[in-house]
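Here's target-v4.pdb, which has PDB, C-alpha atoms, pLDDT in the B column:
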ATOM      1  CA  MET M   1     100.459  84.210  84.925  1.00 75.00           C
ATOM      2  CA  LEU M   2     101.524  80.576  85.382  1.00 76.00           C
ATOM      3  CA  ALA M   3     104.234  81.144  82.788  1.00 80.00           C
ATOM      4  CA  ILE M   4     105.547  84.078  84.820  1.00 83.00           C
ATOM      5  CA  ILE M   5     105.645  81.938  87.970  1.00 83.00           C
ATOM      6  CA  THR M   6     107.348  79.073  86.136  1.00 84.00           C
ATOM      7  CA  ASP M   7     109.933  81.166  84.308  1.00 86.00           C
ATOM      8  CA  TYR M   8     110.591  83.871  86.883  1.00 88.00           C
ATOM      9  CA  GLY M   9     109.626  82.288  90.200  1.00 90.00           C
ATOM     10  CA  ASP M  10     113.107  82.778  91.656  1.00 93.00           C
ATOM     11  CA  VAL M  11     113.112  86.440  90.677  1.00 94.00           C
ATOM     12  CA  VAL M  12     109.716  86.997  92.301  1.00 94.00           C
ATOM     13  CA  ARG M  13     110.862  85.164  95.445  1.00 94.00           C
ATOM     14  CA  ASP M  14     113.993  87.326  95.745  1.00 95.00           C
ATOM     15  CA  GLY M  15     111.903  90.472  95.341  1.00 95.00           C
ATOM     16  CA  LEU M  16     109.417  89.278  97.962  1.00 96.00           C
ATOM     17  CA  LEU M  17     112.196  88.538 100.452  1.00 96.00           C
ATOM     18  CA  MET M  18     113.665  91.999  99.892  1.00 96.00           C
ATOM     19  CA  THR M  19     110.232  93.584 100.395  1.00 96.00           C
ATOM     20  CA  ILE M  20     109.763  91.728 103.678  1.00 96.00           C
ATOM     21  CA  TRP M  21     113.312  92.490 104.815  1.00 96.00           C
ATOM     22  CA  VAL M  22     113.181  96.247 104.143  1.00 96.00           C
ATOM     23  CA  SER M  23     109.679  96.497 105.657  1.00 96.00           C
ATOM     24  CA  VAL M  24     110.650  94.684 108.861  1.00 96.00           C
ATOM     25  CA  LEU M  25     113.795  96.778 109.282  1.00 97.00           C
ATOM     26  CA  GLY M  26     111.723  99.886 108.596  1.00 96.00           C
ATOM     27  CA  ILE M  27     109.149  99.045 111.279  1.00 96.00           C
ATOM     28  CA  LEU M  28     111.912  98.304 113.819  1.00 96.00           C
ATOM     29  CA  LEU M  29     113.767 101.540 113.095  1.00 97.00           C
ATOM     30  CA  GLY M  30     110.471 103.421 113.127  1.00 96.00           C
ATOM     31  CA  GLY M  31     109.633 101.864 116.487  1.00 94.00           C
ATOM     32  CA  ALA M  32     112.907 102.959 118.078  1.00 94.00           C
ATOM     33  CA  VAL M  33     112.611 106.508 116.746  1.00 95.00           C
ATOM     34  CA  GLY M  34     108.866 106.575 117.345  1.00 94.00           C
ATOM     35  CA  LEU M  35     109.204 105.725 121.043  1.00 90.00           C
ATOM     36  CA  THR M  36     111.706 108.542 121.487  1.00 90.00           C
ATOM     37  CA  LEU M  37     109.467 110.881 119.526  1.00 92.00           C
ATOM     38  CA  ALA M  38     106.407 109.901 121.572  1.00 89.00           C
ATOM     39  CA  ALA M  39     108.278 110.667 124.798  1.00 84.00           C
ATOM     40  CA  GLY M  40     109.282 114.037 123.370  1.00 87.00           C
ATOM     41  CA  LEU M  41     105.757 114.884 122.248  1.00 86.00           C
ATOM     42  CA  SER M  42     104.490 114.123 125.755  1.00 79.00           C
ATOM     43  CA  SER M  43     107.143 116.284 127.403  1.00 79.00           C
ATOM     44  CA  LYS M  44     106.053 119.359 129.305  1.00 79.00           C
ATOM     45  CA  HIS M  45     109.215 121.168 128.193  1.00 83.00           C
ATOM     46  CA  ARG M  46     108.666 123.150 124.990  1.00 87.00           C
ATOM     47  CA  VAL M  47     112.344 122.884 124.063  1.00 88.00           C
ATOM     48  CA  VAL M  48     111.885 119.103 123.851  1.00 87.00           C
ATOM     49  CA  ALA M  49     108.324 118.941 122.531  1.00 89.00           C
ATOM     50  CA  TRP M  50     108.611 121.597 119.805  1.00 93.00           C
ATOM     51  CA  PRO M  51     111.296 119.862 117.632  1.00 93.00           C
ATOM     52  CA  CYS M  52     109.332 116.606 117.897  1.00 92.00           C
ATOM     53  CA  LYS M  53     106.164 118.354 116.697  1.00 93.00           C
ATOM     54  CA  VAL M  54     108.064 119.920 113.791  1.00 95.00           C
ATOM     55  CA  TYR M  55     109.470 116.522 112.785  1.00 95.00           C
ATOM     56  CA  ARG M  56     106.049 114.880 113.001  1.00 94.00           C
ATOM     57  CA  SER M  57     104.383 117.593 110.913  1.00 94.00           C
ATOM     58  CA  ALA M  58     107.177 117.634 108.320  1.00 94.00           C
ATOM     59  CA  VAL M  59     107.136 113.869 107.811  1.00 95.00           C
ATOM     60  CA  ARG M  60     103.357 113.506 107.772  1.00 93.00           C
ATOM     61  CA  GLY M  61     102.964 116.550 105.527  1.00 93.00           C
ATOM     62  CA  THR M  62     105.269 115.423 102.710  1.00 95.00           C
ATOM     63  CA  PRO M  63     105.029 112.410 100.368  1.00 95.00           C
ATOM     64  CA  ILE M  64     107.199 109.461 101.332  1.00 95.00           C
ATOM     65  CA  LEU M  65     108.527 109.374  97.757  1.00 94.00           C
ATOM     66  CA  VAL M  66     110.003 112.859  98.227  1.00 95.00           C
ATOM     67  CA  GLN M  67     111.567 111.763 101.517  1.00 95.00           C
ATOM     68  CA  LEU M  68     113.146 108.704  99.894  1.00 95.00           C
ATOM     69  CA  LEU M  69     114.610 110.753  97.045  1.00 95.00           C
ATOM     70  CA  MET M  70     115.983 113.370  99.443  1.00 94.00           C
ATOM     71  CA  LEU M  71     117.649 110.713 101.598  1.00 93.00           C
ATOM     72  CA  PHE M  72     119.143 109.064  98.523  1.00 94.00           C
ATOM     73  CA  TYR M  73     120.401 112.179  96.727  1.00 93.00           C
ATOM     74  CA  MET M  74     121.213 114.569  99.594  1.00 91.00           C
ATOM     75  CA  PRO M  75     124.501 112.836 100.571  1.00 91.00           C
ATOM     76  CA  THR M  76     125.771 113.291  96.999  1.00 86.00           C
ATOM     77  CA  ALA M  77     125.677 117.057  97.546  1.00 85.00           C
ATOM     78  CA  PHE M  78     128.383 116.544 100.182  1.00 88.00           C
ATOM     79  CA  GLY M  79     130.413 114.091  98.139  1.00 88.00           C
ATOM     80  CA  TYR M  80     129.041 110.895  99.657  1.00 90.00           C
ATOM     81  CA  GLN M  81     127.152 107.989  98.111  1.00 90.00           C
ATOM     82  CA  ILE M  82     124.556 106.175 100.183  1.00 92.00           C
ATOM     83  CA  ASP M  83     123.628 102.565  99.490  1.00 94.00           C
ATOM     84  CA  PRO M  84     120.083 102.292  98.059  1.00 94.00           C
ATOM     85  CA  PHE M  85     119.116  99.648 100.629  1.00 95.00           C
ATOM     86  CA  VAL M  86     120.289 101.862 103.491  1.00 95.00           C
ATOM     87  CA  ALA M  87     118.409 104.851 102.044  1.00 95.00           C
ATOM     88  CA  ALA M  88     115.272 102.723 101.656  1.00 96.00           C
ATOM     89  CA  THR M  89     115.431 101.429 105.222  1.00 96.00           C
ATOM     90  CA  LEU M  90     116.058 104.904 106.626  1.00 96.00           C
ATOM     91  CA  GLY M  91     113.303 106.405 104.494  1.00 96.00           C
ATOM     92  CA  LEU M  92     110.672 103.857 105.484  1.00 96.00           C
ATOM     93  CA  GLY M  93     111.766 103.832 109.124  1.00 97.00           C
ATOM     94  CA  LEU M  94     111.907 107.600 109.625  1.00 96.00           C
ATOM     95  CA  ASN M  95     108.572 108.038 107.861  1.00 96.00           C
ATOM     96  CA  SER M  96     106.942 105.325 109.935  1.00 96.00           C
ATOM     97  CA  ALA M  97     108.361 106.832 113.142  1.00 96.00           C
ATOM     98  CA  ALA M  98     106.073 109.853 112.844  1.00 95.00           C
ATOM     99  CA  PHE M  99     103.025 107.597 112.684  1.00 95.00           C
ATOM    100  CA  GLN M 100     104.245 105.133 115.299  1.00 95.00           C
ATOM    101  CA  ALA M 101     104.851 108.028 117.690  1.00 94.00           C
ATOM    102  CA  GLU M 102     101.133 108.799 117.627  1.00 92.00           C
ATOM    103  CA  ILE M 103     100.334 105.133 118.249  1.00 93.00           C
ATOM    104  CA  PHE M 104     102.663 105.015 121.249  1.00 92.00           C
ATOM    105  CA  ARG M 105     101.388 108.332 122.601  1.00 88.00           C
ATOM    106  CA  ALA M 106      97.756 107.210 122.361  1.00 88.00           C
ATOM    107  CA  CYS M 107      98.571 103.920 124.091  1.00 88.00           C
ATOM    108  CA  SER M 108     100.462 105.811 126.785  1.00 84.00           C
ATOM    109  CA  LEU M 109      97.389 107.931 127.492  1.00 82.00           C
ATOM    110  CA  ALA M 110      95.340 104.726 127.872  1.00 82.00           C
ATOM    111  CA  ILE M 111      97.398 103.655 130.903  1.00 81.00           C
ATOM    112  CA  PRO M 112      95.561 104.446 134.163  1.00 80.00           C
ATOM    113  CA  LYS M 113      96.989 107.591 135.763  1.00 80.00           C
ATOM    114  CA  GLY M 114      96.805 105.929 139.166  1.00 81.00           C
ATOM    115  CA  GLN M 115      99.750 103.698 138.289  1.00 79.00           C
ATOM    116  CA  VAL M 116     101.964 106.660 137.456  1.00 75.00           C
ATOM    117  CA  GLU M 117     100.819 108.601 140.521  1.00 79.00           C
ATOM    118  CA  ALA M 118     101.506 105.605 142.781  1.00 83.00           C
ATOM    119  CA  ALA M 119     105.005 105.206 141.310  1.00 78.00           C
ATOM    120  CA  ASP M 120     105.643 108.913 141.793  1.00 78.00           C
ATOM    121  CA  ILE M 121     104.591 108.696 145.447  1.00 81.00           C
ATOM    122  CA  LEU M 122     106.931 105.729 145.924  1.00 78.00           C
ATOM    123  CA  GLY M 123     109.815 107.860 144.711  1.00 78.00           C
ATOM    124  CA  PHE M 124     110.271 106.542 141.167  1.00 77.00           C
ATOM    125  CA  LYS M 125     112.051 108.944 138.858  1.00 76.00           C
ATOM    126  CA  PRO M 126     110.226 109.942 135.625  1.00 69.00           C
ATOM    127  CA  LEU M 127     112.651 107.914 133.498  1.00 69.00           C
ATOM    128  CA  ASN M 128     112.153 104.830 135.671  1.00 76.00           C
ATOM    129  CA  ILE M 129     108.371 105.267 135.509  1.00 76.00           C
ATOM    130  CA  TRP M 130     108.579 105.367 131.716  1.00 73.00           C
ATOM    131  CA  TRP M 131     110.842 102.330 131.321  1.00 74.00           C
ATOM    132  CA  SER M 132     109.475 100.123 134.111  1.00 77.00           C
ATOM    133  CA  ILE M 133     105.756 100.932 134.143  1.00 79.00           C
ATOM    134  CA  LYS M 134     104.608 102.712 131.005  1.00 81.00           C
ATOM    135  CA  LEU M 135     106.811 101.216 128.270  1.00 81.00           C
ATOM    136  CA  PRO M 136     105.862  97.516 128.765  1.00 82.00           C
ATOM    137  CA  GLN M 137     102.170  98.402 128.696  1.00 84.00           C
ATOM    138  CA  VAL M 138     102.572 100.757 125.729  1.00 84.00           C
ATOM    139  CA  ILE M 139     104.277  98.037 123.676  1.00 84.00           C
ATOM    140  CA  ARG M 140     101.590  95.515 124.615  1.00 85.00           C
ATOM    141  CA  LEU M 141      98.704  97.845 123.720  1.00 86.00           C
ATOM    142  CA  SER M 142     100.330  99.049 120.511  1.00 90.00           C
ATOM    143  CA  LEU M 143     100.884  95.612 118.931  1.00 89.00           C
ATOM    144  CA  PRO M 144      97.635  95.533 116.850  1.00 89.00           C
ATOM    145  CA  PRO M 145      98.075  99.035 115.345  1.00 91.00           C
ATOM    146  CA  LEU M 146     101.778  98.342 114.778  1.00 93.00           C
ATOM    147  CA  ILE M 147     100.910  95.268 112.734  1.00 92.00           C
ATOM    148  CA  ASN M 148      98.619  97.495 110.683  1.00 92.00           C
ATOM    149  CA  GLU M 149     101.469  99.974 110.285  1.00 94.00           C
ATOM    150  CA  LEU M 150     103.682  97.138 109.012  1.00 94.00           C
ATOM    151  CA  GLY M 151     101.056  96.455 106.335  1.00 94.00           C
ATOM    152  CA  ILE M 152     101.268 100.098 105.277  1.00 94.00           C
ATOM    153  CA  LEU M 153     105.063  99.827 105.113  1.00 95.00           C
ATOM    154  CA  VAL M 154     104.822  96.738 102.923  1.00 95.00           C
ATOM    155  CA  LYS M 155     102.764  98.740 100.422  1.00 94.00           C
ATOM    156  CA  ASN M 156     105.009 101.800 100.712  1.00 95.00           C
ATOM    157  CA  SER M 157     108.057  99.611 100.097  1.00 95.00           C
ATOM    158  CA  SER M 158     107.040  99.441  96.436  1.00 94.00           C
ATOM    159  CA  LEU M 159     108.237 103.065  96.164  1.00 95.00           C
ATOM    160  CA  VAL M 160     111.847 102.183  96.982  1.00 95.00           C
ATOM    161  CA  SER M 161     112.136 100.684  93.512  1.00 93.00           C
ATOM    162  CA  ILE M 162     112.687 104.252  92.294  1.00 93.00           C
ATOM    163  CA  ILE M 163     116.096 104.292  94.012  1.00 93.00           C
ATOM    164  CA  SER M 164     117.023 100.914  92.504  1.00 89.00           C
ATOM    165  CA  VAL M 165     116.279  98.645  95.467  1.00 93.00           C
ATOM    166  CA  THR M 166     115.421  95.253  93.986  1.00 92.00           C
ATOM    167  CA  GLU M 167     112.262  94.608  96.009  1.00 94.00           C
ATOM    168  CA  LEU M 168     109.094  93.077  94.585  1.00 95.00           C
ATOM    169  CA  MET M 169     108.076  95.998  92.367  1.00 94.00           C
ATOM    170  CA  ARG M 170     111.573  96.432  90.934  1.00 94.00           C
ATOM    171  CA  ARG M 171     111.770  92.726  90.192  1.00 95.00           C
ATOM    172  CA  GLY M 172     108.376  92.997  88.502  1.00 94.00           C
ATOM    173  CA  GLN M 173     109.687  95.763  86.270  1.00 94.00           C
ATOM    174  CA  GLN M 174     112.638  93.584  85.331  1.00 94.00           C
ATOM    175  CA  ILE M 175     110.317  90.691  84.503  1.00 94.00           C
ATOM    176  CA  VAL M 176     108.160  92.943  82.313  1.00 94.00           C
ATOM    177  CA  SER M 177     111.271  94.110  80.424  1.00 93.00           C
ATOM    178  CA  ALA M 178     112.295  90.501  79.809  1.00 92.00           C
ATOM    179  CA  SER M 179     108.900  88.880  79.149  1.00 89.00           C
ATOM    180  CA  TYR M 180     106.805  91.696  77.642  1.00 90.00           C
ATOM    181  CA  GLN M 181     103.872  90.554  79.801  1.00 92.00           C
ATOM    182  CA  PRO M 182     103.016  93.582  81.951  1.00 92.00           C
ATOM    183  CA  LEU M 183      99.408  92.648  82.722  1.00 93.00           C
ATOM    184  CA  GLU M 184     100.216  89.135  83.965  1.00 92.00           C
ATOM    185  CA  THR M 185     103.256  90.341  85.915  1.00 94.00           C
ATOM    186  CA  TYR M 186     101.567  93.190  87.747  1.00 94.00           C
ATOM    187  CA  ALA M 187      98.481  91.068  88.416  1.00 94.00           C
ATOM    188  CA  LEU M 188     100.746  88.532  90.128  1.00 94.00           C
ATOM    189  CA  LEU M 189     102.401  91.289  92.186  1.00 95.00           C
ATOM    190  CA  ALA M 190      98.977  92.611  93.199  1.00 95.00           C
ATOM    191  CA  ILE M 191      97.962  89.152  94.415  1.00 95.00           C
ATOM    192  CA  ILE M 192     101.170  88.854  96.445  1.00 95.00           C
ATOM    193  CA  TYR M 193     100.654  92.274  98.072  1.00 95.00           C
ATOM    194  CA  ILE M 194      97.033  91.407  98.879  1.00 95.00           C
ATOM    195  CA  ALA M 195      98.087  88.076 100.393  1.00 95.00           C
ATOM    196  CA  LEU M 196     100.737  89.763 102.545  1.00 94.00           C
ATOM    197  CA  ASN M 197      98.325  92.377 103.848  1.00 93.00           C
ATOM    198  CA  LEU M 198      95.576  89.843 104.495  1.00 94.00           C
ATOM    199  CA  ALA M 199      98.027  87.764 106.527  1.00 94.00           C
ATOM    200  CA  LEU M 200      99.044  90.836 108.516  1.00 92.00           C
ATOM    201  CA  ALA M 201      95.416  91.857 109.052  1.00 89.00           C
ATOM    202  CA  ARG M 202      94.618  88.379 110.361  1.00 90.00           C
ATOM    203  CA  SER M 203      97.640  88.554 112.655  1.00 89.00           C
ATOM    204  CA  GLY M 204      96.523  91.926 113.967  1.00 83.00           C
ATOM    205  CA  SER M 205      93.009  90.657 114.659  1.00 85.00           C
ATOM    206  CA  PHE M 206      94.421  87.595 116.436  1.00 84.00           C
ATOM    207  CA  VAL M 207      96.715  89.700 118.646  1.00 82.00           C
ATOM    208  CA  GLU M 208      93.888  92.123 119.413  1.00 78.00           C
ATOM    209  CA  GLY M 209      91.631  89.228 120.380  1.00 80.00           C
ATOM    210  CA  ARG M 210      94.284  87.756 122.647  1.00 78.00           C
ATOM    211  CA  LEU M 211      94.856  91.114 124.338  1.00 72.00           C
ATOM    212  CA  ALA M 212      91.114  91.570 124.864  1.00 67.00           C
ATOM    213  CA  ALA M 213      90.823  88.072 126.335  1.00 68.00           C
ATOM    214  CA  SER M 214      93.768  88.578 128.677  1.00 65.00           C
ATOM    215  CA  GLY M 215      92.282  91.889 129.815  1.00 55.00           C
ATOM    216  CA  LYS M 216      89.109  90.135 130.973  1.00 52.00           C
ATOM    217  CA  GLU M 217      90.973  87.540 133.030  1.00 53.00           C
TER     218      GLU M 217
END

Please render this file's structure as structure tokens.
Amino acid sequence: MLAIITDYGDVVRDGLLMTIWVSVLGILLGGAVGLTLAAGLSSKHRVVAWPCKVYRSAVRGTPILVQLLMLFYMPTAFGYQIDPFVAATLGLGLNSAAFQAEIFRACSLAIPKGQVEAADILGFKPLNIWWSIKLPQVIRLSLPPLINELGILVKNSSLVSIISVTELMRRGQQIVSASYQPLETYALLAIIYIALNLALARSGSFVEGRLAASGKE
């Protein structure tokens, strides 16, 4: 394993940076779509809520690998070619959105109803109540589960290697082809993934502790 680090350290580093980059972009895109989706799922209008429920069920009911391949190959049916990195970011982000929507919706339900009722009495419009009162609290409450969701995205990012994105797993495959040391290479990748997820888990626990402490003050 030391030989892999010595000979291919730069390759591993580039793959790690790509993994982090595509995962962070995926969580941000998923957050933007997920907030919109959460608002739609909470809507009392069936015309708004029904498409959101269909999207959520479709995404959560199909493997992310299938979603990535569809996003990558579907444009070719219309004569277009999509960049693998763009397809990977869209795939991870749109998949994560379905799960983040549930996080945001659960956090929204945790907000005391009295705040919303008071704002309604004061004449706040529903959109203003969402943006000014509910959204800041939803984001604050959702930070720990969102960090956990980022850890899931980091692991799922290994699947984007199938559409030729040179993240950590793809770089590992290249190293195996060049060094003929699959066991050492994949053991090193496993250690890196474990380290990343442990760091994220610690971060989530820290944020959760801080939120709990601030809630008692």

Residue contacts of Leu35 (chain M) (9 Å, only C-alpha atoms) excluding same-chain residues fewer than 3 positions away, as a PDB file with C-alpha atoms, keeping the file's coordinate frame:
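What follows is the written file out.pdb:
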ATOM      1  CA  GLY M  30     110.471 103.421 113.127  1.00 96.00           C
ATOM      2  CA  GLY M  31     109.633 101.864 116.487  1.00 94.00           C
ATOM      3  CA  ALA M  32     112.907 102.959 118.078  1.00 94.00           C
ATOM      4  CA  ALA M  38     106.407 109.901 121.572  1.00 89.00           C
ATOM      5  CA  ALA M  39     108.278 110.667 124.798  1.00 84.00           C
ATOM      6  CA  GLY M  40     109.282 114.037 123.370  1.00 87.00           C
ATOM      7  CA  ALA M  97     108.361 106.832 113.142  1.00 96.00           C
ATOM      8  CA  GLN M 100     104.245 105.133 115.299  1.00 95.00           C
ATOM      9  CA  ALA M 101     104.851 108.028 117.690  1.00 94.00           C
ATOM     10  CA  PHE M 104     102.663 105.015 121.249  1.00 92.00           C
ATOM     11  CA  ARG M 105     101.388 108.332 122.601  1.00 88.00           C
ATOM     12  CA  LEU M 135     106.811 101.216 128.270  1.00 81.00           C
TER      13      LEU M 135
END

Where does the PyMOL selection byres ((chain M and resi 203) around 12) land in this file, that is, which residues does it pick, as an MDAnalysis selection string?
chainID M and resid 143:148 150:151 196:202 204:210

Which residues come within 9 Å of region 76-88 of chain M, counting only C-alpha atoms, excluding same-chain residues fewer than 4 positions away, as an NGL selection string?
:M and (22 or 26 or 68-69 or 71-72 or 92-93 or 157 or 159-161 or 163-166)

Of the candidates M:Ile152, M:Leu168, M:Val66, M:Ile191, which one gets nearest to Gly15 (chain M) if we count all atoms listed in the file?
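Once distances to Gly15 (chain M) are computed over all atoms listed in the file, the minimum belongs to M:Leu168.
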
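Shortest separation to Thr89 (chain M) among M:Ile121, M:Ala58, M:Leu25, M:Asn128 occurs at residue M:Leu25, atoms counted being all atoms listed in the file.
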
Expand the PyMOL selection byres ((chain M and resi 53) around 12) into the explicit residue set it covers here, and present it as JSON, numbers by chain.
{"M": [37, 38, 39, 40, 41, 42, 43, 46, 47, 48, 49, 50, 51, 52, 54, 55, 56, 57, 58, 59, 60, 61, 98, 99, 101, 102]}

Length of the CA of Val24 (chain M) to CA of Val138 (chain M) vector [Å]:
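Result for CA of Val24 (chain M) versus CA of Val138 (chain M): 19.7 Å, one decimal.
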
For the structure provided, state which residues fall under the PyMOL selection byres ((chain M and resi 4-14) around 12), and present them as number ranges by chain.
M: 1-3, 15-21, 165-176, 178-189, 192-193

Using all atoms listed in the file, which residue out of M:Gln137, M:Ser96, M:Ser177, M:Ser23 lies closest to Ala110 (chain M)?
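Using all atoms listed in the file, Ala110 (chain M) sits closest to M:Gln137.
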
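Using all atoms listed in the file, the nearest neighbour of Ile64 (chain M) within the list M:Cys107, M:Leu211, M:Ser142, M:Ile162 is M:Ile162.
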
Gap from CA of Pro112 (chain M) to CA of Trp130 (chain M) - Å, one decimal:
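Those two atoms sit 13.3 Å apart.
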
Rounded to one decimal in Å, what is the spacing between CA of Ala119 (chain M) and CA of Lys134 (chain M)?
10.6 Å

Closest of M:Leu90, M:Leu153, M:Ile129, M:Leu28 to Glu117 (chain M) - atom-to-atom distances counting only C-alpha atoms:
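Of M:Leu90, M:Leu153, M:Ile129, M:Leu28, the one nearest Glu117 (chain M), counting only C-alpha atoms, is M:Ile129.
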